[in-house]
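S.K.: Take this structure, written in structure tokens, and hold onto it; I'll ask about it next.
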Amino acid sequence: MARPRKQINCSCPHRAGYSAVYKPAGTPLKDMEVIHLGHEELEALHQCDGKGKSQIEAGLSMGVSRGTVQRLLASARCKVAQALVGQKALAVSGGGKEKEVGIVSGEQNIEV
């Protein structure tokens with residue numbers, strides 16, 4: 001049996017589902033590949049790159065270890081770089097125990 005996920009403290013505004021999607025202008029979302037950025041990844045990116053905190057400080061404010069912040073930050077940076085360089089859409093997903101709602105082949109509200 002897998003270990004239960006630890007609750008992470010997030011100060012970024014909560015976004016249920018994919019209410020925040022960032023994409024290049026001029027291309028319809030239905031024709032684009034969507035990269036999903038988790039709420040925890042966004043929080044780690046915000047704490048370290050946005051607020052200039054160290055990974056240790058970010059870990060303390062999020063209530064997780066430095067190693068967890070490092071993993072989340074590396075994943076977030078990779079996804080943002082892929083979206084920018086590959087001209088793909090970047091969707092911020094809600095965290096926690098909620099269902100994720102994705103956009104697949106132009107159809108909205110499909111559970112993933």
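Just remember, in the structure tokens the first chain shown is A, the second B, etc., residues are 1-based per chain, and ligands are 1-based in the order shown.
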I'd like the neighbourhood of stretch 66-80 of chain A as a count of residues only, where a residue qualifies if any of its atoms comes within 12 Å (using only C-alpha atoms), though same-chain residues fewer than 6 positions away should be ignored.
M.R.: 38
S.K.: Report, in Å with one decimal, the straight-line distance from atom CA of A:Gly94 to atom CA of A:Gly26.
M.R.: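 Result for atom CA of A:Gly94 versus atom CA of A:Gly26: 26.2 Å, one decimal.
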S.K.: Which distance in Å separates atom CA of A:Met1 and atom CA of A:Ser65, to one decimal?
M.R.: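 Those two atoms sit 22.1 Å apart.
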S.K.: Would you give me, as a PDB file with N, CA and C atoms, in the first residue's frame, the residues in stretch 18-89 of chain A that DSSP reads as helix (DSSP H, G or I)?
M.R.:
ATOM      1  N   LEU A  29      -6.968  26.513 -28.920  1.00  0.00           N
ATOM      2  CA  LEU A  29      -6.577  25.554 -27.891  1.00  0.00           C
ATOM      3  C   LEU A  29      -6.840  24.126 -28.327  1.00  0.00           C
ATOM      4  N   LYS A  30      -7.896  23.920 -29.098  1.00  0.00           N
ATOM      5  CA  LYS A  30      -8.230  22.552 -29.519  1.00  0.00           C
ATOM      6  C   LYS A  30      -7.169  21.942 -30.431  1.00  0.00           C
ATOM      7  N   ASP A  31      -6.336  22.784 -31.053  1.00  0.00           N
ATOM      8  CA  ASP A  31      -5.292  22.295 -31.952  1.00  0.00           C
ATOM      9  C   ASP A  31      -3.937  22.175 -31.273  1.00  0.00           C
ATOM     10  N   HIS A  39      -0.649  22.247  -9.054  1.00  0.00           N
ATOM     11  CA  HIS A  39      -0.701  23.386  -8.129  1.00  0.00           C
ATOM     12  C   HIS A  39       0.526  23.409  -7.228  1.00  0.00           C
ATOM     13  N   GLU A  40       0.996  22.250  -6.786  1.00  0.00           N
ATOM     14  CA  GLU A  40       2.181  22.186  -5.934  1.00  0.00           C
ATOM     15  C   GLU A  40       3.423  22.632  -6.699  1.00  0.00           C
ATOM     16  N   GLU A  41       3.508  22.267  -7.997  1.00  0.00           N
ATOM     17  CA  GLU A  41       4.633  22.692  -8.818  1.00  0.00           C
ATOM     18  C   GLU A  41       4.617  24.209  -9.001  1.00  0.00           C
ATOM     19  N   LEU A  42       3.424  24.775  -9.226  1.00  0.00           N
ATOM     20  CA  LEU A  42       3.290  26.218  -9.360  1.00  0.00           C
ATOM     21  C   LEU A  42       3.718  26.919  -8.067  1.00  0.00           C
ATOM     22  N   GLU A  43       3.335  26.372  -6.933  1.00  0.00           N
ATOM     23  CA  GLU A  43       3.697  26.968  -5.647  1.00  0.00           C
ATOM     24  C   GLU A  43       5.203  26.949  -5.433  1.00  0.00           C
ATOM     25  N   ALA A  44       5.864  25.840  -5.756  1.00  0.00           N
ATOM     26  CA  ALA A  44       7.323  25.757  -5.617  1.00  0.00           C
ATOM     27  C   ALA A  44       8.005  26.765  -6.541  1.00  0.00           C
ATOM     28  N   LEU A  45       7.510  26.894  -7.762  1.00  0.00           N
ATOM     29  CA  LEU A  45       8.050  27.855  -8.717  1.00  0.00           C
ATOM     30  C   LEU A  45       7.849  29.286  -8.218  1.00  0.00           C
ATOM     31  N   HIS A  46       6.677  29.555  -7.673  1.00  0.00           N
ATOM     32  CA  HIS A  46       6.361  30.881  -7.140  1.00  0.00           C
ATOM     33  C   HIS A  46       7.245  31.221  -5.937  1.00  0.00           C
ATOM     34  N   GLN A  47       7.404  30.277  -5.020  1.00  0.00           N
ATOM     35  CA  GLN A  47       8.200  30.519  -3.813  1.00  0.00           C
ATOM     36  C   GLN A  47       9.675  30.768  -4.153  1.00  0.00           C
ATOM     37  N   CYS A  48      10.255  29.911  -5.006  1.00  0.00           N
ATOM     38  CA  CYS A  48      11.698  29.990  -5.285  1.00  0.00           C
ATOM     39  C   CYS A  48      12.044  31.049  -6.327  1.00  0.00           C
ATOM     40  N   ASP A  49      11.338  31.055  -7.448  1.00  0.00           N
ATOM     41  CA  ASP A  49      11.679  31.987  -8.518  1.00  0.00           C
ATOM     42  C   ASP A  49      10.928  33.314  -8.387  1.00  0.00           C
ATOM     43  N   GLY A  50       9.689  33.269  -7.953  1.00  0.00           N
ATOM     44  CA  GLY A  50       8.897  34.487  -7.837  1.00  0.00           C
ATOM     45  C   GLY A  50       9.240  35.320  -6.617  1.00  0.00           C
ATOM     46  N   GLN A  55      15.383  26.966  -1.437  1.00  0.00           N
ATOM     47  CA  GLN A  55      14.567  25.755  -1.386  1.00  0.00           C
ATOM     48  C   GLN A  55      14.245  25.371   0.052  1.00  0.00           C
ATOM     49  N   ILE A  56      15.145  25.646   0.970  1.00  0.00           N
ATOM     50  CA  ILE A  56      14.898  25.351   2.385  1.00  0.00           C
ATOM     51  C   ILE A  56      13.776  26.236   2.916  1.00  0.00           C
ATOM     52  N   GLU A  57      13.843  27.545   2.609  1.00  0.00           N
ATOM     53  CA  GLU A  57      12.800  28.475   3.056  1.00  0.00           C
ATOM     54  C   GLU A  57      11.448  28.131   2.431  1.00  0.00           C
ATOM     55  N   ALA A  58      11.463  27.780   1.151  1.00  0.00           N
ATOM     56  CA  ALA A  58      10.219  27.399   0.476  1.00  0.00           C
ATOM     57  C   ALA A  58       9.639  26.133   1.101  1.00  0.00           C
ATOM     58  N   GLY A  59      10.503  25.178   1.443  1.00  0.00           N
ATOM     59  CA  GLY A  59      10.053  23.949   2.081  1.00  0.00           C
ATOM     60  C   GLY A  59       9.399  24.209   3.424  1.00  0.00           C
ATOM     61  N   LEU A  60       9.978  25.122   4.193  1.00  0.00           N
ATOM     62  CA  LEU A  60       9.403  25.460   5.493  1.00  0.00           C
ATOM     63  C   LEU A  60       8.030  26.117   5.337  1.00  0.00           C
ATOM     64  N   SER A  61       7.900  27.031   4.373  1.00  0.00           N
ATOM     65  CA  SER A  61       6.603  27.702   4.195  1.00  0.00           C
ATOM     66  C   SER A  61       5.555  26.774   3.582  1.00  0.00           C
ATOM     67  N   MET A  62       5.994  25.786   2.797  1.00  0.00           N
ATOM     68  CA  MET A  62       5.049  24.838   2.204  1.00  0.00           C
ATOM     69  C   MET A  62       4.778  23.644   3.113  1.00  0.00           C
ATOM     70  N   ARG A  66      13.082  19.962   1.820  1.00  0.00           N
ATOM     71  CA  ARG A  66      13.799  20.628   0.748  1.00  0.00           C
ATOM     72  C   ARG A  66      13.863  19.752  -0.490  1.00  0.00           C
ATOM     73  N   GLY A  67      14.015  18.470  -0.294  1.00  0.00           N
ATOM     74  CA  GLY A  67      14.065  17.537  -1.423  1.00  0.00           C
ATOM     75  C   GLY A  67      12.777  17.526  -2.230  1.00  0.00           C
ATOM     76  N   THR A  68      11.644  17.624  -1.540  1.00  0.00           N
ATOM     77  CA  THR A  68      10.356  17.677  -2.224  1.00  0.00           C
ATOM     78  C   THR A  68      10.245  18.964  -3.030  1.00  0.00           C
ATOM     79  N   VAL A  69      10.685  20.080  -2.457  1.00  0.00           N
ATOM     80  CA  VAL A  69      10.667  21.361  -3.175  1.00  0.00           C
ATOM     81  C   VAL A  69      11.561  21.261  -4.409  1.00  0.00           C
ATOM     82  N   GLN A  70      12.728  20.647  -4.265  1.00  0.00           N
ATOM     83  CA  GLN A  70      13.655  20.499  -5.385  1.00  0.00           C
ATOM     84  C   GLN A  70      13.018  19.692  -6.515  1.00  0.00           C
ATOM     85  N   ARG A  71      12.338  18.605  -6.173  1.00  0.00           N
ATOM     86  CA  ARG A  71      11.673  17.766  -7.172  1.00  0.00           C
ATOM     87  C   ARG A  71      10.555  18.525  -7.860  1.00  0.00           C
ATOM     88  N   LEU A  72       9.713  19.224  -7.085  1.00  0.00           N
ATOM     89  CA  LEU A  72       8.614  20.001  -7.657  1.00  0.00           C
ATOM     90  C   LEU A  72       9.123  21.130  -8.548  1.00  0.00           C
ATOM     91  N   LEU A  73      10.176  21.795  -8.115  1.00  0.00           N
ATOM     92  CA  LEU A  73      10.746  22.912  -8.858  1.00  0.00           C
ATOM     93  C   LEU A  73      11.351  22.444 -10.184  1.00  0.00           C
ATOM     94  N   ALA A  74      12.079  21.340 -10.150  1.00  0.00           N
ATOM     95  CA  ALA A  74      12.679  20.808 -11.378  1.00  0.00           C
ATOM     96  C   ALA A  74      11.595  20.410 -12.382  1.00  0.00           C
ATOM     97  N   SER A  75      10.548  19.787 -11.893  1.00  0.00           N
ATOM     98  CA  SER A  75       9.443  19.384 -12.760  1.00  0.00           C
ATOM     99  C   SER A  75       8.727  20.594 -13.349  1.00  0.00           C
ATOM    100  N   ALA A  76       8.476  21.610 -12.525  1.00  0.00           N
ATOM    101  CA  ALA A  76       7.782  22.821 -12.986  1.00  0.00           C
ATOM    102  C   ALA A  76       8.605  23.565 -14.027  1.00  0.00           C
ATOM    103  N   ARG A  77       9.889  23.714 -13.775  1.00  0.00           N
ATOM    104  CA  ARG A  77      10.756  24.418 -14.726  1.00  0.00           C
ATOM    105  C   ARG A  77      10.818  23.691 -16.061  1.00  0.00           C
ATOM    106  N   CYS A  78      10.886  22.375 -16.013  1.00  0.00           N
ATOM    107  CA  CYS A  78      10.913  21.575 -17.235  1.00  0.00           C
ATOM    108  C   CYS A  78       9.627  21.756 -18.034  1.00  0.00           C
ATOM    109  N   LYS A  79       8.479  21.712 -17.356  1.00  0.00           N
ATOM    110  CA  LYS A  79       7.193  21.857 -18.034  1.00  0.00           C
ATOM    111  C   LYS A  79       7.012  23.249 -18.631  1.00  0.00           C
ATOM    112  N   VAL A  80       7.426  24.282 -17.902  1.00  0.00           N
ATOM    113  CA  VAL A  80       7.307  25.649 -18.416  1.00  0.00           C
ATOM    114  C   VAL A  80       8.212  25.823 -19.633  1.00  0.00           C
ATOM    115  N   ALA A  81       9.429  25.295 -19.572  1.00  0.00           N
ATOM    116  CA  ALA A  81      10.344  25.403 -20.706  1.00  0.00           C
ATOM    117  C   ALA A  81       9.794  24.663 -21.931  1.00  0.00           C
ATOM    118  N   GLN A  82       9.232  23.463 -21.721  1.00  0.00           N
ATOM    119  CA  GLN A  82       8.641  22.712 -22.836  1.00  0.00           C
ATOM    120  C   GLN A  82       7.487  23.485 -23.465  1.00  0.00           C
ATOM    121  N   ALA A  83       6.669  24.113 -22.645  1.00  0.00           N
ATOM    122  CA  ALA A  83       5.521  24.865 -23.162  1.00  0.00           C
ATOM    123  C   ALA A  83       5.984  26.088 -23.952  1.00  0.00           C
ATOM    124  N   LEU A  84       6.985  26.794 -23.459  1.00  0.00           N
ATOM    125  CA  LEU A  84       7.458  27.997 -24.138  1.00  0.00           C
ATOM    126  C   LEU A  84       8.183  27.674 -25.444  1.00  0.00           C
ATOM    127  N   VAL A  85       9.101  26.727 -25.395  1.00  0.00           N
ATOM    128  CA  VAL A  85       9.896  26.396 -26.578  1.00  0.00           C
ATOM    129  C   VAL A  85       9.068  25.651 -27.625  1.00  0.00           C
TER     130      VAL A  85
END
